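Colleague: Next up is a structure, given as structure tokens.
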Amino acid sequence: MSADALVYLRRHAGFFVFAVLIMTIPAYLHDSYYLSILAFMGTRFMMALGVSLLLGLAGQISLGQAAFVGIGAYGAAILTTRLGFNPWLAMGLAALLSAVIAGLVGVPTLKLRGYYLAMATLGVNEIIYILLVQLKSLTNGTDGISGIPSLSIGSLDLGGPKAYHLIAWGVALLMAAIALNLSRSRVGRSLRALRSSEPAAESLGVDTSFRKVQVFMVAAAFASIAGSFDAYYVHYISPDGYTITFSIILVTGVIIGGLGTVWGAFWGTAAVVVLPEILKRVNGDITNLIFGILLIAIMVLWQGRTRSLGRLVRTFLVNRRGRQGTTDGAGEPEA
Amino acid sequence: MNFEQFLQYIFSGITNGSIYALTALGFTLVFNATQIINFSQGQMVMLGGMTAIAFHGAGVPLWACFLGAVIVVVVISMGLEHVAVRPLLSKGVLAQIIATVGASFVFETAAMIIWGRQALALPAFSGERPIGVAGATVVPQTLWVVGLTVVIVVALQIFYRRSLFGKAVRACAVNPSAARLQGISYRKVVLFSFALSGAISAAAGVMITPISFMSYSSGALLGLKGFAAATLGGLGNPVGAVAGGFVLGIVEALGVGVVSAGYKDAIAFVILLLVLFIRPVGLLGARVVTRQ
């Protein structure tokens, strides 16, 4: 192995270890309930990556990612069950449509202050939801669409939980690699610059509106592909999965995990997938209440600096220990 | 569409338009004082309707339900200002959006836990017998909604134009630092704006509940439409907010007549997107469409 390859491996060691850990799970985990949860985590991770790029890098918020997830799912379902398209082709076309819609919404709103995009994306989410319910001849209304085929490669069926885990997480890891690359590239640096100060970024030659629209379109495509994956795995979709509530939960995940890093998106995704599963045993209704409180708490306690929940707790503990140390006078040495 | 039908749609549009106008005013009052868009504004309207229903269920007379709901929502709105807004006043748009979105989630889920998922009703303020007007009919509640909206708008105008504190609030909207140098307490102005915004939203919620019911999830739509109305009129302009509300209500009602009732709720967002595309400053051109 050449020296360059070794350097490359070492620099990205975290990512490769993570990838190997995730991809080997089906070798020892056989329970289909847990495998399903992991598979959903994979597609949620794809959605969160898009949100994380948009929110963490560019400092723009979309409250309508569920609309793009819905376009992905319904695009895949309609094209395969009605028109007999190949599932992969259907997925690609749906992602293209999502990106185009994101572009149409992004061009006027991303020039304005942050809340215009937030409100406009809420509006898009609502419009898409209404269309899914109302365009009965196309979407079958509230009854939803069933009989969606599984993904396959040639004659290899990818519908089983283990095969699906591999393909879904494979794509999710690919997207994570794209996100990592994007954030370290010229695009990522431009976005970080414009997040701190748009006039400053523009004076250095960054086309801020264009960059923001670009990343918004990428986020929409990620969400759309994730939606298609879900549809191919569950074989059934209905409009209720694509509401504003789901959009906000996705944002919550990314914020719990911490903005600006791919790993934040992962931990946040894990939190919003696992927490409801646990709370369901107590009282499922309180999940969103807790998410809402967390959103406020993270913003207020971190004064809008948007770090992860983990870091928030750690700092809090360290501060408390520090304060105790000073009041005791002696204080214990730091571990 | 014949004339009677047309008139009927106009009446219905003016009724809903009143509610959008009041919600838009709620957005505008907070925005002018703080430059913050409160993403839980619609949930305030919902909480107004729901608390009035709860009071009514406990056997309280209707006028007292109205008053009680306004007081409860004013307290909630001031609590929101205290907990989630004051610490973030100078912390950038993103944190403010996320915190108020979090608040909307809290209000909505709390309402679902307290009142359940079904839509609840409130009796009309003065009977249900329709009144005939030129071939169309109007329920008395419509008159209440439109009448009270006019009273609220006029009272607000007088307050902001004539009273010393009203002038102080307007001064803060124009330039907070300069206002503070004149000895105006910015904190008081912000807290007051949230209280007033909560009161107006709650009133809107109580008034519309007898006509279109209220459930825990009604707030999101009402908030979006209120924002669409405020943007249509020119964000930050109170006169524009009221005008935008009525225009939106009437266009929506006529849209139902022309297209189909199923798409009613989509009309507001199409208008919002069109305004942002064509004329982001709104119809009446506010002072404040700032690029970031």
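Every chain in the structure tokens has a letter given in the order shown (A, B, ...), and although residue numbers restart at 1 in each chain, ligands are simply numbered from 1 in the order shown.
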Show me, as a ChimeraX atom specification, every residue of chain B with an atom at most 7 Å from chain A, counting only C-alpha atoms.
Modeller: /B:37,84,87-88,91,93-95,97-99,102-103,105-106,109-110,113,262-263,266,269,273,276-277,290-292
Colleague: I need the residues of stretch 85-219 of chain B that end up classed as helix (DSSP H, G or I) by DSSP on the backbone, written out as an NGL selection string.
Modeller: :B and (85-88 or 93-115 or 140-162 or 164-174 or 176-181 or 186-212 or 218-219)
Colleague: Which neighbours of A:Asp157 fall inside 12 Å, counting only C-alpha atoms, when residues of the same chain fewer than 6 positions from it are skipped, and could you give them as a PyMOL selection string?
Modeller: chain A and resi 87+149-151+163-164+167+232-233
Colleague: List the neighbours of A:Gln214 out to 12 Å using only C-alpha atoms; skip same-chain residues closer than 5 positions along the sequence, and give me the result as an MDAnalysis selection string.
Modeller: chainID A and resid 50 53:54 58 60 99:100 102:107 110 182 187:188 190:191 207:209 219:221
Colleague: Work out how far apart atom CA of A:Ile145 and atom CA of B:Arg117 are and give it in Å to one decimal.
Modeller: 25.0 Å
Colleague: For stretch 167-179 of chain B, find every residue with an atom within 10 Å (counting only C-alpha atoms), except residues of its own chain fewer than 3 positions away, and show them as a list in words.
Modeller: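 Listed by chain and then number, they are Leu29, Val30, Phe31, Asn32, Ala33, Thr34, Gln35, Phe159, Tyr160, Arg161, Arg162, Ser163, Leu164, Gln182, Gly183, Ile184, Ser185, Tyr186, Lys188, Val189, Val190, Phe192, Ser193, Gly236, Arg287 and Val288 of chain B.
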Colleague: Rounded to one decimal in Å, what is the spacing between atom CA of A:Ala176 and atom CA of A:Phe266?
Modeller: 9.4 Å
Colleague: Got a sec: who's within 9 Å of A:Ile237, counting only C-alpha atoms, leaving out chain neighbours fewer than 6 positions off, as a PDB file with all heavy atoms, in the first residue's frame?
Modeller:
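Final file, around_10.pdb:
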ATOM      1  N   ALA A  73     -41.049   9.163  -1.787  1.00  0.00           N
ATOM      2  CA  ALA A  73     -41.833   7.948  -1.545  1.00  0.00           C
ATOM      3  C   ALA A  73     -42.937   7.797  -2.601  1.00  0.00           C
ATOM      4  O   ALA A  73     -43.091   6.734  -3.216  1.00  0.00           O
ATOM      5  CB  ALA A  73     -42.441   8.005  -0.147  1.00  0.00           C
ATOM      6  N   TYR A  74     -43.701   8.866  -2.833  1.00  0.00           N
ATOM      7  CA  TYR A  74     -44.806   8.772  -3.794  1.00  0.00           C
ATOM      8  C   TYR A  74     -44.290   8.673  -5.225  1.00  0.00           C
ATOM      9  O   TYR A  74     -44.886   7.964  -6.046  1.00  0.00           O
ATOM     10  CB  TYR A  74     -45.768   9.959  -3.630  1.00  0.00           C
ATOM     11  CG  TYR A  74     -46.828   9.664  -2.614  1.00  0.00           C
ATOM     12  CD1 TYR A  74     -46.609   9.916  -1.267  1.00  0.00           C
ATOM     13  CD2 TYR A  74     -48.033   9.086  -2.993  1.00  0.00           C
ATOM     14  CE1 TYR A  74     -47.564   9.614  -0.327  1.00  0.00           C
ATOM     15  CE2 TYR A  74     -49.003   8.781  -2.051  1.00  0.00           C
ATOM     16  CZ  TYR A  74     -48.766   9.044  -0.726  1.00  0.00           C
ATOM     17  OH  TYR A  74     -49.715   8.724   0.205  1.00  0.00           O
ATOM     18  N   ALA A  77     -43.370   5.110  -5.568  1.00  0.00           N
ATOM     19  CA  ALA A  77     -44.543   4.233  -5.555  1.00  0.00           C
ATOM     20  C   ALA A  77     -45.340   4.342  -6.856  1.00  0.00           C
ATOM     21  O   ALA A  77     -45.716   3.334  -7.468  1.00  0.00           O
ATOM     22  CB  ALA A  77     -45.432   4.578  -4.361  1.00  0.00           C
ATOM     23  N   ASP A 143     -56.044   6.635   1.678  1.00  0.00           N
ATOM     24  CA  ASP A 143     -55.862   5.179   1.734  1.00  0.00           C
ATOM     25  C   ASP A 143     -54.414   4.776   1.473  1.00  0.00           C
ATOM     26  O   ASP A 143     -53.967   3.714   1.878  1.00  0.00           O
ATOM     27  CB  ASP A 143     -56.753   4.478   0.700  1.00  0.00           C
ATOM     28  CG  ASP A 143     -58.213   4.621   1.075  1.00  0.00           C
ATOM     29  OD1 ASP A 143     -58.487   4.868   2.267  1.00  0.00           O
ATOM     30  OD2 ASP A 143     -59.071   4.490   0.187  1.00  0.00           O
ATOM     31  N   GLY A 144     -53.692   5.627   0.773  1.00  0.00           N
ATOM     32  CA  GLY A 144     -52.297   5.324   0.497  1.00  0.00           C
ATOM     33  C   GLY A 144     -52.115   4.334  -0.643  1.00  0.00           C
ATOM     34  O   GLY A 144     -53.088   3.867  -1.244  1.00  0.00           O
ATOM     35  N   ILE A 145     -50.867   4.031  -0.920  1.00  0.00           N
ATOM     36  CA  ILE A 145     -50.538   3.110  -2.010  1.00  0.00           C
ATOM     37  C   ILE A 145     -49.871   1.882  -1.410  1.00  0.00           C
ATOM     38  O   ILE A 145     -48.945   1.996  -0.605  1.00  0.00           O
ATOM     39  CB  ILE A 145     -49.573   3.775  -3.020  1.00  0.00           C
ATOM     40  CG1 ILE A 145     -50.242   5.001  -3.664  1.00  0.00           C
ATOM     41  CG2 ILE A 145     -49.138   2.776  -4.081  1.00  0.00           C
ATOM     42  CD1 ILE A 145     -49.334   5.769  -4.596  1.00  0.00           C
ATOM     43  N   SER A 146     -50.355   0.698  -1.787  1.00  0.00           N
ATOM     44  CA  SER A 146     -49.713  -0.520  -1.299  1.00  0.00           C
ATOM     45  C   SER A 146     -49.145  -1.297  -2.489  1.00  0.00           C
ATOM     46  O   SER A 146     -49.347  -0.938  -3.638  1.00  0.00           O
ATOM     47  CB  SER A 146     -50.708  -1.360  -0.505  1.00  0.00           C
ATOM     48  OG  SER A 146     -51.850  -1.585  -1.292  1.00  0.00           O
ATOM     49  N   ILE A 148     -45.964  -1.779  -3.220  1.00  0.00           N
ATOM     50  CA  ILE A 148     -44.758  -1.197  -3.814  1.00  0.00           C
ATOM     51  C   ILE A 148     -43.669  -2.274  -3.839  1.00  0.00           C
ATOM     52  O   ILE A 148     -43.454  -2.957  -2.837  1.00  0.00           O
ATOM     53  CB  ILE A 148     -44.289   0.020  -2.990  1.00  0.00           C
ATOM     54  CG1 ILE A 148     -45.426   1.034  -2.901  1.00  0.00           C
ATOM     55  CG2 ILE A 148     -43.052   0.656  -3.606  1.00  0.00           C
ATOM     56  CD1 ILE A 148     -45.249   2.061  -1.804  1.00  0.00           C
ATOM     57  N   ASP A 230     -37.560   4.065   2.042  1.00  0.00           N
ATOM     58  CA  ASP A 230     -38.598   3.654   2.995  1.00  0.00           C
ATOM     59  C   ASP A 230     -39.761   2.984   2.276  1.00  0.00           C
ATOM     60  O   ASP A 230     -40.275   1.956   2.713  1.00  0.00           O
ATOM     61  CB  ASP A 230     -39.120   4.870   3.776  1.00  0.00           C
ATOM     62  CG  ASP A 230     -38.230   5.200   4.973  1.00  0.00           C
ATOM     63  OD1 ASP A 230     -37.329   4.391   5.262  1.00  0.00           O
ATOM     64  OD2 ASP A 230     -38.449   6.249   5.592  1.00  0.00           O
ATOM     65  N   ALA A 231     -40.195   3.597   1.153  1.00  0.00           N
ATOM     66  CA  ALA A 231     -41.341   3.054   0.418  1.00  0.00           C
ATOM     67  C   ALA A 231     -41.043   1.642  -0.085  1.00  0.00           C
ATOM     68  O   ALA A 231     -41.887   0.754  -0.007  1.00  0.00           O
ATOM     69  CB  ALA A 231     -41.688   3.973  -0.752  1.00  0.00           C
TER      70      ALA A 231
END
Colleague: Please identify the strand (DSSP E) residues within stretch 33-269 of chain A (assignment by DSSP from backbone atoms) and present them as a list in words.
Modeller: Ile145, Ser146, Ser152, Ile153, Leu156, Asp157, Tyr236 and Ile237 of chain A
Colleague: Do a neighbour search on stretch 56-58 of chain B at 12 Å with only C-alpha atoms, toss out local chain neighbours closer than 3 positions, and write the hits as a list in words.
Modeller: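 Here the answer would be Gly49, Met50, Thr51, Ala52, Ile53, Pro61, Leu62, Trp63, Ala64, Cys65, Phe66, Leu67, Gly68, Ala69, Trp115, Leu120, Ala121, Leu122, Pro123, Ala124, Phe125, Val206 and Pro210 of chain B.
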Colleague: Can you check which parts of stretch 123-193 of chain B lie within 10 Å of stretch 16-24 of chain B? Per residue, the shortest pair of atoms and distance in Å to one decimal, counting only C-alpha atoms, sorted by chain and number, as CSV.
Modeller:
residue,atom,partner,partner_atom,distance
B:Thr142,CA,B:Asn16,CA,9.1
B:Val145,CA,B:Ser18,CA,6.8
B:Val146,CA,B:Ser18,CA,6.1
B:Gly147,CA,B:Ser18,CA,9.3
B:Leu148,CA,B:Ser18,CA,9.1
B:Thr149,CA,B:Ser18,CA,6.2
B:Val150,CA,B:Ser18,CA,8.5
B:Ile152,CA,B:Leu22,CA,8.6
B:Val153,CA,B:Leu22,CA,8.3
Colleague: Any idea what the distance is between atom CA of A:Ser238 and atom CA of A:Leu173?
Modeller: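 Going from atom CA of A:Ser238 over to atom CA of A:Leu173 covers 27.3 Å.
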